[in-house]
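K.L.:
The structure follows.
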Amino acid sequence: MRDSSPKQTVPPRALAISIAALVIPVATVYWLPDWTSNGLGMLIWLTALIPAFLFSYYRGMQGVAIALSGGMAVITATQVSVVAFQIAEPDWTLLGVIVSVYLVVSVGIATLAEVLRRERHAAEDMARIDRLTGLPNRRHAEDSLEREFAAAERGRELTVVIFDLDHFKQVNDRQGHAAGDMTLKAFAKILRTNTRKENLSARFGGEEFVSVLRDTDADSAVLFAQRVLDQTRQWPLPWGFQTVSAGIAHYQRGMGSYELLLGEADRALYQAKNGGRDMVCTAARYEQPTTGTPRRVAASMSEPPDEAAPAKATSARIWIVDDDAAVRSLVKSMLIRDGHELWDTGDALEVIRRFADASPAERPDVILTDVIMPVMTGMRMVDQIAKVSPDIRIIYMSGYVQSAIEWEGSPGSVVAFLEKPIERGTLLAAVQRVIRTEPGRSTA
């Protein structure tokens, strides 16, 4: 695992103070030689120890070594100059005692700073590690995804694999939670063994795991995932054997947010689950249609449009789906003034049930959904809804947009993307654009 806690960089202000602290006693020796030769004047040399204190705070023992070596060089150069220019010499014995005492104090501070730094880094590492399995946790995985997605946008290959243990709830219900924990640990060991050092595999939540594979194409990811599935199936457990399903998605230009990449992997995982489990499925690579009527997709919007909003907005039935209640409340407050009929929930499964039970007149004109949610992604939810209503219009929300989203492979007949935090003008413009755009060919 790569070191995620590098030493702190010494800020420019601290460097400036350190340089000044070394210059002051040297300048004083030349300008006020008689004053610096007595005991009181020699105290000015104590400023030469300031860099050691500052560097010990930011760089630990290494910083003290750098600062003290610089201070010693300055003192030596000053002594040579004093002799060469026949300037009144200070009491070097007393100065040596003072410097020695402060040297001990400085090293002590550096040692304490180093211990505190290591403890802080250990605590940070603990916050990024799943305690049960020892794998990186979701927070760590998302940090890695954000970093590797940025590299993918610059041309590097990136593939994501989502694993989900099959029928894991039955293990907990029939064998107990201790057996469930044993299963999770066993799978984590298999996943860790098969993950290259430059890649990352993490527990994403519950029985779901994610692997972030840099410089890896989809075919290589399939081999990796299949190897994990085979070893999991062969792993002996006291009550039998465990299987796992996997969904794979490869970065495609125009995705703009790693959440769309995760959403595609989740859709492929759902396909594996529906296909009988214990299998690997790869998300289909989206190709721009060359014949027929292309699906019309509203562009990604992260800033309010320059043009003025239309004088009269078209009202619509809008369902807001986000696991964050604060986001739902904020979006509702932005939309309610335009006379829309609003309903919101944080449960994607509830949306699917409600949509299936509702009559066509009761179904929403637009669904405004977060891309990533705990139970299922917004993209998989839309897949299920599209089976009932292929012409559903969708606005996806993402908090991790790195570039304009131009990818048209997401489910929905008319699609827009919004970046969180959302501006009211941007939201209203997206809603009107999605409502007024005529659906083209559906991908459902």
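Please note that chains go A, B, ... in the order of the structure tokens, that every chain numbers its residues from 1, and that ligands are numbered from 1 in the order shown.
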With only C-alpha atoms as the counted atoms, please give the residues lying no more than 9 Å from Leu342 in chain A, apart from itself and same-chain residues fewer than 5 positions off, as a ChimeraX atom specification.

P.N.:
/A:316-320,332,335-336,364

K.L.:
Using only C-alpha atoms, can you tell me which of A:Glu153, A:Asp181, A:Asp365, A:Glu146 comes closest to Tyr251 in chain A?

P.N.:
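Of A:Glu153, A:Asp181, A:Asp365, A:Glu146, the one nearest Tyr251 in chain A is A:Glu153, counting only C-alpha atoms.
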
K.L.:
Hey, can you check how far CA of Ala186 in chain A sits from CA of Gln242 in chain A?

P.N.:
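Spanning CA of Ala186 in chain A to CA of Gln242 in chain A is a straight-line distance of 9.8 Å.
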
K.L.:
Contacts of Ala218 in chain A at 7 Å or less, counting only C-alpha atoms, minus same-chain residues fewer than 2 places along, as a PDB file with C-alpha atoms, in the first residue's frame?

P.N.:
```
ATOM      1  CA  THR A 159     -10.849  -0.548 -14.878  1.00  0.00           C
ATOM      2  CA  THR A 216      -5.496  -2.515 -16.872  1.00  0.00           C
ATOM      3  CA  SER A 220      -7.115  -8.397 -17.993  1.00  0.00           C
ATOM      4  CA  ALA A 221      -9.676  -7.378 -15.377  1.00  0.00           C
ATOM      5  CA  VAL A 222     -11.844 -10.347 -16.385  1.00  0.00           C
ATOM      6  CA  HIS A 250     -13.598   0.169 -18.114  1.00  0.00           C
TER       7      HIS A 250
END
```

K.L.:
Hey, what's within 12 Å of range 278-285 of chain A if we count only C-alpha atoms and toss same-chain stuff fewer than 5 positions away? As JSON, numbers by chain, please?

P.N.:
{"A": [159, 160, 161, 162, 163, 164, 165, 166, 167, 217, 218, 219, 220, 221, 222, 223, 224, 225, 226, 227, 228, 229, 230, 231, 232, 233, 234, 241, 242, 243, 244, 245, 246, 247, 248, 249, 250, 251, 252, 253, 255, 260, 261, 262, 263, 264, 265, 266, 267, 268, 269, 270, 271, 272, 273, 407, 408, 409, 410, 443]}

K.L.:
Let me see the file: selected residues, C-alpha atoms, as a PDB file, in the first residue's frame.

P.N.:
```pdb
ATOM      1  CA  THR A 159     -10.849  -0.548 -14.878  1.00  0.00           C
ATOM      2  CA  VAL A 160     -13.069  -1.043 -11.842  1.00  0.00           C
ATOM      3  CA  VAL A 161     -14.360  -4.388 -10.545  1.00  0.00           C
ATOM      4  CA  ILE A 162     -17.179  -4.656  -8.013  1.00  0.00           C
ATOM      5  CA  PHE A 163     -17.512  -7.967  -6.130  1.00  0.00           C
ATOM      6  CA  ASP A 164     -20.584  -9.000  -4.151  1.00  0.00           C
ATOM      7  CA  LEU A 165     -20.793 -12.175  -2.058  1.00  0.00           C
ATOM      8  CA  ASP A 166     -23.718 -14.324  -3.213  1.00  0.00           C
ATOM      9  CA  HIS A 167     -26.550 -15.029  -0.735  1.00  0.00           C
ATOM     10  CA  ASP A 217      -7.829  -3.221 -19.772  1.00  0.00           C
ATOM     11  CA  ALA A 218     -11.179  -4.987 -19.474  1.00  0.00           C
ATOM     12  CA  ASP A 219      -9.846  -8.370 -20.656  1.00  0.00           C
ATOM     13  CA  SER A 220      -7.115  -8.397 -17.993  1.00  0.00           C
ATOM     14  CA  ALA A 221      -9.676  -7.378 -15.377  1.00  0.00           C
ATOM     15  CA  VAL A 222     -11.844 -10.347 -16.385  1.00  0.00           C
ATOM     16  CA  LEU A 223      -8.915 -12.699 -15.790  1.00  0.00           C
ATOM     17  CA  PHE A 224      -8.296 -11.105 -12.397  1.00  0.00           C
ATOM     18  CA  ALA A 225     -11.957 -11.321 -11.389  1.00  0.00           C
ATOM     19  CA  GLN A 226     -12.330 -14.901 -12.615  1.00  0.00           C
ATOM     20  CA  ARG A 227      -9.284 -15.938 -10.608  1.00  0.00           C
ATOM     21  CA  VAL A 228     -10.833 -14.400  -7.496  1.00  0.00           C
ATOM     22  CA  LEU A 229     -14.150 -16.172  -8.171  1.00  0.00           C
ATOM     23  CA  ASP A 230     -12.445 -19.551  -8.680  1.00  0.00           C
ATOM     24  CA  GLN A 231     -10.422 -19.298  -5.477  1.00  0.00           C
ATOM     25  CA  THR A 232     -13.469 -18.144  -3.501  1.00  0.00           C
ATOM     26  CA  ARG A 233     -15.526 -21.095  -4.721  1.00  0.00           C
ATOM     27  CA  GLN A 234     -12.744 -23.496  -3.706  1.00  0.00           C
ATOM     28  CA  PHE A 241     -18.626 -23.071   0.001  1.00  0.00           C
ATOM     29  CA  GLN A 242     -19.149 -19.422  -0.858  1.00  0.00           C
ATOM     30  CA  THR A 243     -19.531 -17.896  -4.302  1.00  0.00           C
ATOM     31  CA  VAL A 244     -19.188 -14.317  -5.473  1.00  0.00           C
ATOM     32  CA  SER A 245     -20.364 -12.295  -8.470  1.00  0.00           C
ATOM     33  CA  ALA A 246     -18.394  -9.564 -10.206  1.00  0.00           C
ATOM     34  CA  GLY A 247     -19.169  -6.593 -12.436  1.00  0.00           C
ATOM     35  CA  ILE A 248     -16.489  -4.861 -14.505  1.00  0.00           C
ATOM     36  CA  ALA A 249     -16.412  -1.420 -16.117  1.00  0.00           C
ATOM     37  CA  HIS A 250     -13.598   0.169 -18.114  1.00  0.00           C
ATOM     38  CA  TYR A 251     -13.071   3.922 -18.267  1.00  0.00           C
ATOM     39  CA  GLN A 252     -14.666   5.552 -21.312  1.00  0.00           C
ATOM     40  CA  ARG A 253     -13.869   9.063 -22.401  1.00  0.00           C
ATOM     41  CA  MET A 255     -17.638   9.908 -18.273  1.00  0.00           C
ATOM     42  CA  LEU A 260     -20.360   6.894 -13.568  1.00  0.00           C
ATOM     43  CA  LEU A 261     -17.601   4.296 -13.834  1.00  0.00           C
ATOM     44  CA  LEU A 262     -18.766   2.733 -10.571  1.00  0.00           C
ATOM     45  CA  GLY A 263     -22.351   2.903 -11.775  1.00  0.00           C
ATOM     46  CA  GLU A 264     -21.455   0.957 -14.923  1.00  0.00           C
ATOM     47  CA  ALA A 265     -19.639  -1.697 -12.860  1.00  0.00           C
ATOM     48  CA  ASP A 266     -22.696  -1.952 -10.610  1.00  0.00           C
ATOM     49  CA  ARG A 267     -24.978  -2.461 -13.620  1.00  0.00           C
ATOM     50  CA  ALA A 268     -22.669  -5.251 -14.824  1.00  0.00           C
ATOM     51  CA  LEU A 269     -22.731  -6.779 -11.339  1.00  0.00           C
ATOM     52  CA  TYR A 270     -26.532  -6.786 -11.397  1.00  0.00           C
ATOM     53  CA  GLN A 271     -26.380  -8.561 -14.743  1.00  0.00           C
ATOM     54  CA  ALA A 272     -24.149 -11.226 -13.156  1.00  0.00           C
ATOM     55  CA  LYS A 273     -26.579 -11.612 -10.284  1.00  0.00           C
ATOM     56  CA  TRP A 407     -20.717  10.143 -22.178  1.00  0.00           C
ATOM     57  CA  GLU A 408     -24.107   8.978 -23.469  1.00  0.00           C
ATOM     58  CA  GLY A 409     -24.117   5.423 -22.160  1.00  0.00           C
ATOM     59  CA  SER A 410     -26.122   6.067 -18.985  1.00  0.00           C
ATOM     60  CA  THR A 443     -31.047   2.325 -24.461  1.00  0.00           C
TER      61      THR A 443
END
```

K.L.:
Find the distance between CA of Asp344 in chain A and CA of Gly399 in chain A and write it in Å to one decimal.

P.N.:
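So the answer is 18.8 Å.
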
K.L.:
Rank A:Asp173, A:Thr9, A:His140, A:Phe209 by their smallest atom-to-atom distance to Ile190 in chain A, using only C-alpha atoms, and report the top residue only.

P.N.:
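Nearest to Ile190 in chain A: A:Phe209.
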
K.L.:
Closest to Gly240 in chain A among A:Thr183, A:Thr377, A:Leu418, A:Ala150, using only C-alpha atoms?

P.N.:
A:Thr183

K.L.:
Which residue, A:Leu200, A:Met397, A:Val171, A:Ile50, has the smallest gap to Ala16 in chain A when you use only C-alpha atoms?

P.N.:
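That would be A:Ile50, the residue with the smallest distance to Ala16 in chain A.
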
K.L.:
Counting only C-alpha atoms, which residue out of A:Glu259, A:Asp143, A:Glu406, A:Asp322 sits closest to Ile367 in chain A?

P.N.:
A:Asp322
